[in-house]
$ cat input-v2.csv   # CSV, C-alpha atoms
chain,number,residue,atom,x,y,z
A,1,MET,CA,48.5,38.9,110.4
A,2,THR,CA,47.8,37.4,113.8
A,3,LYS,CA,47.6,39.9,116.5
A,4,ARG,CA,49.4,39.8,119.8
A,5,THR,CA,46.2,39.1,121.7
A,6,ASP,CA,45.1,36.2,119.5
A,7,LEU,CA,47.3,33.4,120.9
A,8,ARG,CA,44.5,31.9,123.0
A,9,GLU,CA,42.1,32.2,120.0
A,10,LEU,CA,44.8,30.6,117.8
A,11,LEU,CA,45.2,27.6,120.0
A,12,GLY,CA,41.8,27.1,121.5
A,13,PRO,CA,40.6,27.1,125.1
A,14,GLU,CA,41.9,23.6,126.0
A,15,VAL,CA,45.5,24.7,126.1
A,16,PRO,CA,46.5,25.1,129.8
A,17,GLU,CA,47.8,28.5,130.9
A,18,HIS,CA,51.3,27.3,131.8
A,19,GLU,CA,51.8,25.9,128.3
A,20,LEU,CA,50.3,29.0,126.7
A,21,GLU,CA,52.9,31.1,128.5
A,22,ARG,CA,55.7,28.9,127.1
A,23,LEU,CA,54.2,29.0,123.6
A,24,ARG,CA,53.9,32.8,123.8
A,25,VAL,CA,57.7,33.0,123.6
A,26,ALA,CA,57.6,31.5,120.1
A,27,HIS,CA,54.5,33.5,119.2
A,28,GLU,CA,56.1,36.8,120.1
A,29,ALA,CA,59.3,35.8,118.3
A,30,LEU,CA,57.3,35.1,115.1
A,31,LEU,CA,55.6,38.4,115.4
A,32,ALA,CA,58.9,40.2,116.0
A,33,ALA,CA,60.7,38.4,113.2
A,34,GLY,CA,58.2,38.9,110.4
A,35,PRO,CA,58.1,36.6,107.4
A,36,PRO,CA,61.3,35.1,106.0
A,37,PRO,CA,61.8,35.9,102.3
A,38,GLU,CA,61.2,33.2,99.8
A,39,LEU,CA,64.2,32.1,97.8
A,40,GLY,CA,64.0,33.2,94.1
A,41,PRO,CA,65.1,31.1,91.2
A,42,ALA,CA,68.7,32.4,91.6
A,43,LEU,CA,68.9,30.8,95.1
A,44,ALA,CA,66.9,27.7,94.6
A,45,ASP,CA,69.9,25.4,94.8
A,46,PRO,CA,73.1,25.7,96.8
A,47,PRO,CA,76.0,26.9,94.8
A,48,PRO,CA,78.3,24.3,93.3
A,49,THR,CA,81.4,23.5,95.3
A,50,GLY,CA,84.8,22.9,94.1
A,51,GLY,CA,88.2,23.0,95.8
A,52,ARG,CA,88.7,25.0,99.0
A,53,GLU,CA,90.6,27.7,97.3
A,54,GLY,CA,88.7,28.8,94.2
A,55,LEU,CA,85.4,26.9,94.3
A,56,LEU,CA,82.2,28.5,93.1
A,57,PHE,CA,81.0,29.2,89.6
A,58,PHE,CA,78.1,31.7,89.2
A,59,LEU,CA,76.3,32.9,86.2
A,60,PRO,CA,77.0,36.7,86.1
A,61,ARG,CA,73.8,38.5,87.0
A,62,ARG,CA,73.8,40.5,83.8
A,63,ARG,CA,73.4,37.3,81.8
A,64,VAL,CA,70.6,35.9,83.8
A,65,GLY,CA,67.9,37.8,82.0
A,66,ALA,CA,69.0,36.6,78.6
A,67,ALA,CA,69.3,33.1,79.8
A,68,LEU,CA,65.8,33.2,81.3
A,69,LEU,CA,64.3,34.5,78.0
A,70,LEU,CA,66.0,31.8,76.0
A,71,ALA,CA,65.0,29.1,78.4
A,72,ALA,CA,61.4,30.4,78.4
A,73,ALA,CA,61.2,30.2,74.6
A,74,LEU,CA,62.6,26.6,74.7
A,75,ALA,CA,60.3,25.6,77.5
A,76,ALA,CA,57.2,26.9,75.8
A,77,ILE,CA,58.1,25.0,72.6
A,78,ALA,CA,59.0,21.8,74.4
A,79,PHE,CA,56.2,21.5,76.8
A,80,GLY,CA,53.3,23.6,75.5
A,81,GLY,CA,52.1,24.2,79.1
A,82,GLY,CA,49.8,22.4,81.4
A,83,TYR,CA,46.2,23.3,82.1
A,84,PHE,CA,44.0,25.0,84.6
A,85,LEU,CA,40.6,24.0,85.7
A,86,GLY,CA,38.1,26.3,87.3
A,87,HIS,CA,37.8,25.4,91.0
A,88,HIS,CA,35.3,26.2,93.7
A,89,GLY,CA,35.1,22.8,95.5
A,90,HIS,CA,37.1,20.9,98.1
A,91,GLY,CA,38.8,17.6,98.5
A,92,PHE,CA,42.4,18.7,97.7
A,93,LYS,CA,44.9,17.1,99.9
A,94,SER,CA,48.3,18.6,99.9
A,95,ALA,CA,51.6,17.6,101.3
A,96,HIS,CA,53.5,20.9,100.9
A,97,THR,CA,52.7,24.6,100.5
A,98,VAL,CA,54.7,27.1,98.5
A,99,VAL,CA,54.3,30.7,99.3
A,100,MET,CA,54.9,33.3,96.6
A,101,HIS,CA,55.3,37.1,97.0
A,102,GLY,CA,54.7,40.0,94.6
A,103,THR,CA,57.4,41.9,92.8
A,104,GLY,CA,57.7,45.3,91.2
A,105,ALA,CA,54.4,47.0,90.6
A,106,ALA,CA,52.6,43.9,92.0
A,107,ARG,CA,54.5,44.0,95.3
A,108,ALA,CA,51.3,43.6,97.3
A,109,ALA,CA,50.3,40.4,95.5
A,110,ARG,CA,50.5,37.1,97.3
A,111,ALA,CA,49.9,33.5,96.2
A,112,SER,CA,50.2,30.0,97.6
A,113,ILE,CA,50.6,26.8,95.7
A,114,LEU,CA,49.4,23.6,97.4
A,115,ILE,CA,51.2,20.6,96.0
A,116,GLY,CA,49.0,17.5,96.1
A,117,GLY,CA,49.4,13.9,95.0
A,118,THR,CA,49.6,12.5,91.5
A,119,ASP,CA,46.6,11.6,89.4
A,120,SER,CA,46.2,8.3,87.5
A,121,GLY,CA,48.3,9.7,84.6
A,122,GLY,CA,51.2,10.5,86.9
A,123,ASN,CA,50.5,14.3,86.8
A,124,VAL,CA,51.1,16.2,90.0
A,125,ARG,CA,48.1,18.1,91.2
A,126,LEU,CA,48.4,21.7,92.3
A,127,LEU,CA,46.0,24.2,93.8
A,128,MET,CA,47.0,27.8,93.4
A,129,ARG,CA,45.4,30.7,95.3
A,130,VAL,CA,46.2,34.2,94.2
A,131,ARG,CA,45.5,37.6,95.9
A,132,GLY,CA,46.2,41.1,94.9
A,133,LEU,CA,46.8,40.7,91.1
A,134,GLU,CA,44.8,43.1,88.9
A,135,GLN,CA,42.8,42.1,85.9
A,136,ILE,CA,44.9,42.6,82.8
A,137,PRO,CA,43.0,44.7,80.1
A,138,GLY,CA,42.4,43.3,76.7
A,139,SER,CA,43.7,39.8,76.0
A,140,GLY,CA,46.5,39.8,78.5
A,141,TYR,CA,46.9,36.9,80.9
A,142,TYR,CA,49.2,35.6,83.7
A,143,GLU,CA,51.4,32.6,83.2
A,144,LEU,CA,52.9,30.3,85.8
A,145,TYR,CA,56.3,28.9,85.3
A,146,LEU,CA,58.3,26.2,87.1
A,147,THR,CA,61.9,27.2,87.6
A,148,LYS,CA,65.1,25.4,88.5
A,149,GLY,CA,68.1,27.5,89.5
A,150,ARG,CA,68.0,30.3,87.0
A,151,ARG,CA,66.2,28.4,84.3
A,152,LEU,CA,62.5,28.4,83.3
A,153,ILE,CA,61.9,24.7,82.9
A,154,LEU,CA,58.1,24.4,82.4
A,155,SER,CA,55.1,26.6,81.6
A,156,CYS,CA,52.4,25.3,83.9
A,157,GLY,CA,49.5,27.2,82.2
A,158,THR,CA,47.8,30.5,82.1
A,159,PHE,CA,45.1,32.2,84.0
A,160,ASP,CA,43.3,35.5,84.4
A,161,VAL,CA,41.8,37.2,87.4
A,162,ALA,CA,38.4,38.9,87.5
A,163,ALA,CA,38.2,42.6,88.1
A,164,GLY,CA,37.8,43.3,91.9
A,165,ALA,CA,38.2,39.6,92.8
A,166,LYS,CA,39.7,39.3,96.3
A,167,THR,CA,41.0,35.8,95.7
A,168,THR,CA,41.4,33.7,92.5
A,169,GLU,CA,41.7,30.0,93.0
A,170,VAL,CA,42.8,27.6,90.2
A,171,ARG,CA,43.6,24.0,89.9
A,172,LEU,CA,46.3,22.7,87.6
A,173,SER,CA,48.5,19.8,87.1
A,174,VAL,CA,52.0,19.4,85.8
A,175,PRO,CA,53.6,16.3,84.2
A,176,TYR,CA,56.7,16.7,86.2
A,177,GLN,CA,58.2,15.2,89.4
A,178,LEU,CA,58.4,18.1,91.8
A,179,LYS,CA,61.5,18.1,93.9
A,180,ARG,CA,62.9,20.3,96.5
A,181,GLY,CA,64.9,23.2,95.0
A,182,LEU,CA,62.4,24.0,92.3
A,183,GLY,CA,60.9,27.5,92.2
A,184,TRP,CA,57.9,29.2,90.7
A,185,ILE,CA,57.3,32.5,89.0
A,186,VAL,CA,54.2,34.1,87.6
A,187,THR,CA,54.6,36.5,84.6
A,188,ARG,CA,52.3,39.0,83.1
A,189,GLU,CA,51.8,38.3,79.4
A,190,ARG,CA,50.4,39.9,76.3
A,191,PRO,CA,49.4,37.9,73.2
A,192,GLY,CA,51.9,38.1,70.4
A,193,GLN,CA,54.9,39.2,72.4
A,194,ARG,CA,58.1,37.3,71.6
A,195,THR,CA,59.6,37.3,75.0
A,196,THR,CA,58.4,36.4,78.5
A,197,GLY,CA,56.6,39.2,80.3
A,198,PRO,CA,57.7,40.8,83.6
A,199,THR,CA,57.6,38.6,86.7
A,200,VAL,CA,54.8,39.6,89.1
A,201,LEU,CA,55.1,36.8,91.6
A,202,THR,CA,58.0,34.7,92.7
A,203,THR,CA,58.9,32.2,95.4
B,1,MET,CA,60.3,17.1,102.3
B,2,ARG,CA,63.4,17.3,104.5
B,3,PRO,CA,64.7,14.1,106.0
B,4,LEU,CA,64.1,14.0,109.8
B,5,ALA,CA,67.7,13.0,110.3
B,6,ALA,CA,68.9,16.1,108.5
B,7,ALA,CA,66.6,18.3,110.5
B,8,GLN,CA,68.0,16.9,113.7
B,9,THR,CA,71.6,17.3,112.8
B,10,SER,CA,73.1,20.3,114.7
B,11,ASP,CA,74.7,23.2,113.0
B,12,ALA,CA,78.0,22.3,114.7
B,13,ASP,CA,77.9,18.7,113.3
B,14,LEU,CA,77.0,20.0,109.8
B,15,LEU,CA,79.9,22.5,109.9
B,16,THR,CA,82.3,19.8,111.0
B,17,SER,CA,81.1,17.6,108.1
B,18,ILE,CA,81.5,20.5,105.7
B,19,ALA,CA,85.0,21.0,106.9
B,20,ASN,CA,85.7,17.4,105.7
B,21,GLY,CA,84.2,18.2,102.3
B,22,ASP,CA,80.7,16.7,102.8
B,23,ARG,CA,78.6,18.1,100.0
B,24,ASP,CA,75.3,16.7,101.5
B,25,ALA,CA,76.0,18.5,104.8
B,26,PHE,CA,76.6,21.7,102.8
B,27,GLU,CA,73.2,21.3,101.1
B,28,THR,CA,71.5,20.6,104.4
B,29,LEU,CA,73.0,23.8,105.9
B,30,TYR,CA,72.0,25.7,102.8
B,31,ARG,CA,68.4,24.6,103.1
B,32,ARG,CA,68.4,25.6,106.7
B,33,TYR,CA,70.1,29.0,106.4
B,34,ALA,CA,69.6,30.4,102.9
B,35,ARG,CA,66.3,32.1,103.8
B,36,PRO,CA,67.6,33.6,107.1
B,37,ILE,CA,70.7,34.9,105.4
B,38,LEU,CA,68.7,36.4,102.6
B,39,GLY,CA,66.4,38.0,105.1
B,40,LEU,CA,69.4,39.5,106.9
B,41,ALA,CA,70.9,40.7,103.7
B,42,LEU,CA,67.6,42.2,102.5
B,43,ARG,CA,67.3,44.2,105.7
B,44,ARG,CA,70.8,45.4,105.6
B,45,LEU,CA,71.2,46.1,101.9
B,46,GLY,CA,67.6,46.8,100.8
B,47,ASP,CA,68.2,45.4,97.3
B,48,ARG,CA,67.3,41.9,96.3
B,49,GLY,CA,70.1,41.5,93.7
B,50,ARG,CA,72.8,42.5,96.0
B,51,ALA,CA,71.2,40.5,98.8
B,52,GLU,CA,71.3,37.3,96.6
B,53,ASP,CA,74.9,38.0,95.8
B,54,ALA,CA,75.6,38.2,99.5
B,55,VAL,CA,73.9,34.9,100.2
B,56,GLN,CA,76.1,33.2,97.6
B,57,GLU,CA,79.2,34.9,99.0
B,58,THR,CA,78.2,33.8,102.4
B,59,PHE,CA,78.0,30.1,101.4
B,60,ALA,CA,81.2,30.4,99.4
B,61,ALA,CA,82.9,31.6,102.6
B,62,ILE,CA,81.3,28.8,104.7
B,63,TRP,CA,82.6,26.2,102.3
B,64,ARG,CA,86.1,27.8,102.4
B,65,ALA,CA,86.3,28.5,106.1
B,66,ALA,CA,84.3,25.7,107.8
B,67,ARG,CA,87.6,24.2,109.1
B,68,SER,CA,88.1,27.3,111.2
B,69,TYR,CA,84.9,26.6,113.2
B,70,ARG,CA,85.6,25.2,116.6
B,71,PRO,CA,82.7,23.4,118.2
B,72,GLU,CA,84.1,23.7,121.7
B,73,ARG,CA,83.9,27.5,121.4
B,74,GLY,CA,80.1,27.5,120.9
B,75,PRO,CA,77.2,26.5,118.7
B,76,GLY,CA,77.3,27.0,115.0
B,77,ALA,CA,74.6,29.6,114.6
B,78,PRO,CA,76.6,32.6,115.9
B,79,TRP,CA,79.6,31.6,113.8
B,80,LEU,CA,77.3,31.4,110.7
B,81,TYR,CA,75.8,34.7,111.7
B,82,ALA,CA,79.3,36.3,111.8
B,83,VAL,CA,80.2,34.9,108.4
B,84,ALA,CA,77.0,36.2,106.9
B,85,ARG,CA,77.3,39.6,108.5
B,86,ASN,CA,80.8,40.0,107.1
B,87,ALA,CA,79.8,38.9,103.6
B,88,ILE,CA,76.9,41.3,103.7
B,89,ALA,CA,79.1,44.1,104.9
B,90,ASP,CA,81.5,43.4,102.0
B,91,ARG,CA,78.7,43.5,99.5
B,92,GLY,CA,77.5,46.8,101.1
B,93,ARG,CA,80.9,48.3,100.7
B,94,ALA,CA,81.1,47.2,97.1
B,95,ARG,CA,78.6,50.0,96.2
B,96,PRO,CA,78.7,52.7,98.8
B,97,GLU,CA,75.4,54.4,99.8
B,98,PRO,CA,75.0,57.9,98.4
B,99,VAL,CA,76.0,60.6,100.7
B,100,THR,CA,73.1,62.2,102.5
B,101,GLU,CA,72.8,65.1,104.9
B,102,ALA,CA,72.6,64.4,108.6
B,103,PRO,CA,69.2,65.1,110.0
B,104,ASP,CA,68.7,68.1,112.2
B,105,GLU,CA,66.7,66.3,114.8
B,106,PRO,CA,66.9,62.9,116.4
B,107,THR,CA,65.0,60.3,114.4
B,108,ALA,CA,62.5,57.8,115.7
B,109,GLU,CA,64.1,55.1,113.6
B,110,PRO,CA,65.8,52.3,115.6
B,111,GLY,CA,69.6,52.8,116.1
B,112,PRO,CA,72.3,50.4,115.2
B,113,PRO,CA,72.1,48.4,118.5
B,114,GLU,CA,68.3,48.0,118.1
B,115,ARG,CA,68.7,47.0,114.5
B,116,ALA,CA,71.4,44.5,115.3
B,117,GLU,CA,69.2,42.9,118.0
B,118,ALA,CA,66.2,42.8,115.7
B,119,ASP,CA,68.4,41.2,113.0
B,120,TRP,CA,69.6,38.5,115.4
B,121,VAL,CA,66.1,37.7,116.6
B,122,SER,CA,64.9,37.4,113.0
B,123,TRP,CA,67.9,35.2,112.1
B,124,GLN,CA,67.2,32.8,115.0
B,125,VAL,CA,63.5,32.6,114.3
B,126,HIS,CA,63.9,32.1,110.6
B,127,ALA,CA,66.6,29.5,111.1
B,128,ALA,CA,64.4,27.6,113.6
B,129,LEU,CA,61.4,27.7,111.2
B,130,GLU,CA,63.5,25.9,108.6
B,131,GLN,CA,64.0,23.1,111.0
B,132,LEU,CA,60.3,22.4,111.7
B,133,PRO,CA,58.4,19.7,109.8
B,134,ASP,CA,56.9,21.0,106.6
B,135,ARG,CA,53.3,20.7,107.8
B,136,GLU,CA,54.0,22.7,110.9
B,137,ARG,CA,56.0,25.3,109.2
B,138,SER,CA,53.4,25.7,106.4
B,139,VAL,CA,50.6,26.2,109.0
B,140,LEU,CA,52.6,28.8,111.0
B,141,GLU,CA,53.6,30.7,107.8
B,142,LEU,CA,50.0,30.8,106.6
B,143,ALA,CA,48.6,31.6,110.1
B,144,TYR,CA,51.0,34.5,110.8
B,145,TRP,CA,51.8,36.0,107.5
B,146,SER,CA,49.3,35.1,104.7
B,147,GLY,CA,46.5,37.2,106.1
B,148,LEU,CA,44.2,34.2,106.2
B,149,SER,CA,42.1,33.5,109.3
B,150,GLN,CA,42.5,30.0,110.9
B,151,SER,CA,39.2,28.9,109.3
B,152,GLU,CA,40.6,30.0,105.9
B,153,VAL,CA,43.8,28.2,106.5
B,154,ALA,CA,41.8,25.1,107.3
B,155,GLU,CA,39.8,25.5,104.1
B,156,PHE,CA,42.9,26.3,102.2
B,157,LEU,CA,44.7,23.1,103.3
B,158,ASN,CA,41.5,21.1,103.3
B,159,VAL,CA,42.0,19.9,106.9
B,160,PRO,CA,39.7,20.4,109.9
B,161,LEU,CA,40.1,23.5,111.9
B,162,GLY,CA,41.1,21.3,114.9
B,163,THR,CA,44.1,20.0,112.8
B,164,VAL,CA,45.2,23.6,112.1
B,165,LYS,CA,45.1,24.4,115.8
B,166,THR,CA,46.9,21.1,116.7
B,167,ARG,CA,49.7,21.8,114.1
B,168,THR,CA,49.9,25.5,115.3
B,169,ARG,CA,50.3,24.3,118.9
B,170,SER,CA,52.9,21.6,118.0
B,171,GLY,CA,54.7,24.0,115.7
B,172,LEU,CA,54.9,26.7,118.3
B,173,ALA,CA,56.1,24.1,120.9
B,174,HIS,CA,58.9,22.9,118.5
B,175,LEU,CA,59.8,26.5,117.8
B,176,ALA,CA,60.0,27.3,121.5
B,177,ASP,CA,62.3,24.3,122.0
B,178,LEU,CA,64.6,25.3,119.2
B,179,LEU,CA,64.8,28.9,120.3
B,180,GLU,CA,65.4,27.8,123.9
B,181,SER,CA,68.3,25.5,122.8
B,182,GLU,CA,69.7,28.3,120.6
B,183,LEU,CA,69.7,30.7,123.6
B,184,ALA,CA,71.1,28.1,126.0
$ encode --input "input-v2.csv" --output "structure tokens"
Amino acid sequence: MTKRTDLRELLGPEVPEHELERLRVAHEALLAAGPPPELGPALADPPPTGGREGLLFFLPRRRVGAALLLAAALAAIAFGGGYFLGHHGHGFKSAHTVVMHGTGAARAARASILIGGTDSGGNVRLLMRVRGLEQIPGSGYYELYLTKGRRLILSCGTFDVAAGAKTTEVRLSVPYQLKRGLGWIVTRERPGQRTTGPTVLTT
Amino acid sequence: MRPLAAAQTSDADLLTSIANGDRDAFETLYRRYARPILGLALRRLGDRGRAEDAVQETFAAIWRAARSYRPERGPGAPWLYAVARNAIADRGRARPEPVTEAPDEPTAEPGPPERAEADWVSWQVHAALEQLPDRERSVLELAYWSGLSQSEVAEFLNVPLGTVKTRTRSGLAHLADLLESELA
């Protein structure tokens, strides 16, 4: 979190004082407002519109869980997931950043996904940086899913975090054209379970 | 990436188009205001499920009632804020809060006027953020709320530190412009 006194440090010494005072309005407003929430899968797309009188058709919330589980099973079969590569280097150019926040017991967790260009095979390159997730005992792992609306559409791969690691950074790629309105979730998984585990991070 | 033209279209123009059944305008308005409305709903309702319902109900109301918006009476943001506030209040009434005993002593918590003011400020800032170019918005969100230092933001985005500072500067300038025009 940037502190109130850090605006000069944030912008550098070359910014003239009169401009700094003007920018301070926005700076203070950002500090006062706090972070906006990320839209979860349920709000990734605007609701469908119909006539002026009746109009919108929503999936009842109680059915969302079952729909997600079914979609997850189908997605896992259909796509088989992407892959992660260990990453400690540089050279990743991104055009867009997606911020994820923790849910439930992992409320303090945070992650960002940098969306890069496509490789020679047409796969979209991603760089994910995760903080605040605990190492899962045994053979457990985390799994990243791409979502659209309330559906899980693609398992992007699995990863683990080391005990005590401050930040875990992984590269991955997805054979999918990323468009606005898609969401992401990370679930906590155990081998052999038949349904998708609980969501620990979401956009 | 949002189209520049969409980012430059005023709320009033979008509402006028929505009143004529323009689905693209509705989507642009959704991209601009879904997060601010969700933020407002989360602060007022304290429950993500109910807050998401309130967001959907707000946009349902916007689609239905856009024809009642009169540009000559003022900018679109306060009208949208009122629609959202009503939808959130309706959602709040749908499941009343449990009855609690009144405290014996005055609380240090902000009262309704202070909370309303804070809600309005957050609404304006979050809506303005959604109108910034992606690269400026990303840098501001990382710089202010990710916990990363500027050097870490630069490393994270794989751009020079100077670029982070430049984007922060231009992002804050655009944000100040937007907030200024909102308050004018």
$ atom_distance --input "input-v2.csv" --atom1 "atom CA of Leu15 of chain B" --atom2 "atom CA of Ile62 of chain B"
8.3 Å
$ atom_distance --input "input-v2.csv" --atom1 "atom CA of Gly40 of chain A" --atom2 "atom CA of Gly183 of chain A"
6.8 Å
$ closest_residue --input "input-v2.csv" --among "A:Glu169, A:Ala162, A:Gly121, A:Ala106" --to "chain B" --atoms "all atoms listed in the file"
A:Glu169
$ closest_residue --input "input-v2.csv" --among "A:Ser155, A:Ser173, A:Thr167, A:Thr196" --to "chain B" --atoms "only C-alpha atoms"
A:Thr167
$ atom_distance --input "input-v2.csv" --atom1 "atom CA of Ala89 of chain B" --atom2 "atom CA of Gly39 of chain B"
14.1 Å
$ closest_residue --input "input-v2.csv" --among "B:Leu161, B:Ala25, B:Leu178, B:Leu172" --to "chain A" --atoms "all atoms listed in the file"
B:Leu172
$ residues_around --input "input-v2.csv" --residues "Arg32 of chain B" --least-positions-apart "3" --cutoff "7 Å" --atoms "all atoms listed in the file" --output "ChimeraX atom specification"
/B:28-29,127,130-131
$ interface_residues --input "input-v2.csv" --of "chain B" --to "chain A" --cutoff "7 Å" --atoms "only C-alpha atoms" --output "PDB file with C-alpha atoms, in the coordinates of the input"
ATOM      1  CA  GLU B  27      73.200  21.300 101.100  1.00  0.00           C
ATOM      2  CA  TYR B  30      72.000  25.700 102.800  1.00  0.00           C
ATOM      3  CA  ARG B  35      66.300  32.100 103.800  1.00  0.00           C
ATOM      4  CA  PRO B  36      67.600  33.600 107.100  1.00  0.00           C
ATOM      5  CA  LEU B  38      68.700  36.400 102.600  1.00  0.00           C
ATOM      6  CA  GLY B  39      66.400  38.000 105.100  1.00  0.00           C
ATOM      7  CA  GLN B  56      76.100  33.200  97.600  1.00  0.00           C
ATOM      8  CA  ALA B  60      81.200  30.400  99.400  1.00  0.00           C
ATOM      9  CA  ARG B  64      86.100  27.800 102.400  1.00  0.00           C
ATOM     10  CA  VAL B 121      66.100  37.700 116.600  1.00  0.00           C
ATOM     11  CA  SER B 122      64.900  37.400 113.000  1.00  0.00           C
ATOM     12  CA  VAL B 125      63.500  32.600 114.300  1.00  0.00           C
ATOM     13  CA  HIS B 126      63.900  32.100 110.600  1.00  0.00           C
ATOM     14  CA  ASP B 134      56.900  21.000 106.600  1.00  0.00           C
ATOM     15  CA  ARG B 135      53.300  20.700 107.800  1.00  0.00           C
ATOM     16  CA  SER B 138      53.400  25.700 106.400  1.00  0.00           C
ATOM     17  CA  ALA B 143      48.600  31.600 110.100  1.00  0.00           C
ATOM     18  CA  TYR B 144      51.000  34.500 110.800  1.00  0.00           C
ATOM     19  CA  TRP B 145      51.800  36.000 107.500  1.00  0.00           C
ATOM     20  CA  SER B 146      49.300  35.100 104.700  1.00  0.00           C
ATOM     21  CA  GLY B 147      46.500  37.200 106.100  1.00  0.00           C
ATOM     22  CA  LEU B 157      44.700  23.100 103.300  1.00  0.00           C
ATOM     23  CA  ASN B 158      41.500  21.100 103.300  1.00  0.00           C
ATOM     24  CA  LYS B 165      45.100  24.400 115.800  1.00  0.00           C
ATOM     25  CA  THR B 168      49.900  25.500 115.300  1.00  0.00           C
ATOM     26  CA  ARG B 169      50.300  24.300 118.900  1.00  0.00           C
ATOM     27  CA  LEU B 172      54.900  26.700 118.300  1.00  0.00           C
ATOM     28  CA  ALA B 173      56.100  24.100 120.900  1.00  0.00           C
ATOM     29  CA  LEU B 175      59.800  26.500 117.800  1.00  0.00           C
ATOM     30  CA  ALA B 176      60.000  27.300 121.500  1.00  0.00           C
TER      31      ALA B 176
END
$ residues_near_point --input "input-v2.csv" --point "(79.3, 24.2, 122.0)" --cutoff "12 Å" --atoms "only C-alpha atoms" --output "PyMOL selection string"
chain B and resi 10-13+69-79+181-184
$ write_last_selection --input "input-v2.csv" --atoms "C-alpha atoms" --output "PDB file, keeping the file's coordinate frame"
ATOM      1  CA  SER B  10      73.100  20.300 114.700  1.00  0.00           C
ATOM      2  CA  ASP B  11      74.700  23.200 113.000  1.00  0.00           C
ATOM      3  CA  ALA B  12      78.000  22.300 114.700  1.00  0.00           C
ATOM      4  CA  ASP B  13      77.900  18.700 113.300  1.00  0.00           C
ATOM      5  CA  TYR B  69      84.900  26.600 113.200  1.00  0.00           C
ATOM      6  CA  ARG B  70      85.600  25.200 116.600  1.00  0.00           C
ATOM      7  CA  PRO B  71      82.700  23.400 118.200  1.00  0.00           C
ATOM      8  CA  GLU B  72      84.100  23.700 121.700  1.00  0.00           C
ATOM      9  CA  ARG B  73      83.900  27.500 121.400  1.00  0.00           C
ATOM     10  CA  GLY B  74      80.100  27.500 120.900  1.00  0.00           C
ATOM     11  CA  PRO B  75      77.200  26.500 118.700  1.00  0.00           C
ATOM     12  CA  GLY B  76      77.300  27.000 115.000  1.00  0.00           C
ATOM     13  CA  ALA B  77      74.600  29.600 114.600  1.00  0.00           C
ATOM     14  CA  PRO B  78      76.600  32.600 115.900  1.00  0.00           C
ATOM     15  CA  TRP B  79      79.600  31.600 113.800  1.00  0.00           C
ATOM     16  CA  SER B 181      68.300  25.500 122.800  1.00  0.00           C
ATOM     17  CA  GLU B 182      69.700  28.300 120.600  1.00  0.00           C
ATOM     18  CA  LEU B 183      69.700  30.700 123.600  1.00  0.00           C
ATOM     19  CA  ALA B 184      71.100  28.100 126.000  1.00  0.00           C
TER      20      ALA B 184
END
$ closest_residue --input "input-v2.csv" --among "A:Ser120, A:Thr203, A:Thr195, A:Ala163" --to "Thr147 of chain A" --atoms "all atoms listed in the file"
A:Thr203
$ closest_residue --input "input-v2.csv" --among "A:Pro16, A:Leu172, A:Asp160, A:Thr187" --to "Thr118 of chain A" --atoms "only C-alpha atoms"
A:Leu172
$ decode --input "input-v2.csv" --residues "segment 138-149 of chain A" --atoms "C-alpha atoms" --output "PDB file, in the first residue's frame"
ATOM      1  CA  GLY A 138       0.374 -34.533   0.884  1.00  0.00           C
ATOM      2  CA  SER A 139      -0.337 -34.638  -2.821  1.00  0.00           C
ATOM      3  CA  GLY A 140      -2.676 -31.684  -2.940  1.00  0.00           C
ATOM      4  CA  TYR A 141      -2.251 -28.969  -5.516  1.00  0.00           C
ATOM      5  CA  TYR A 142      -3.834 -25.787  -6.827  1.00  0.00           C
ATOM      6  CA  GLU A 143      -5.558 -25.569 -10.188  1.00  0.00           C
ATOM      7  CA  LEU A 144      -6.193 -22.514 -12.325  1.00  0.00           C
ATOM      8  CA  TYR A 145      -9.405 -22.372 -14.336  1.00  0.00           C
ATOM      9  CA  LEU A 146     -10.565 -19.952 -16.993  1.00  0.00           C
ATOM     10  CA  THR A 147     -14.228 -19.063 -16.598  1.00  0.00           C
ATOM     11  CA  LYS A 148     -16.882 -17.407 -18.690  1.00  0.00           C
ATOM     12  CA  GLY A 149     -20.027 -16.243 -17.037  1.00  0.00           C
TER      13      GLY A 149
END
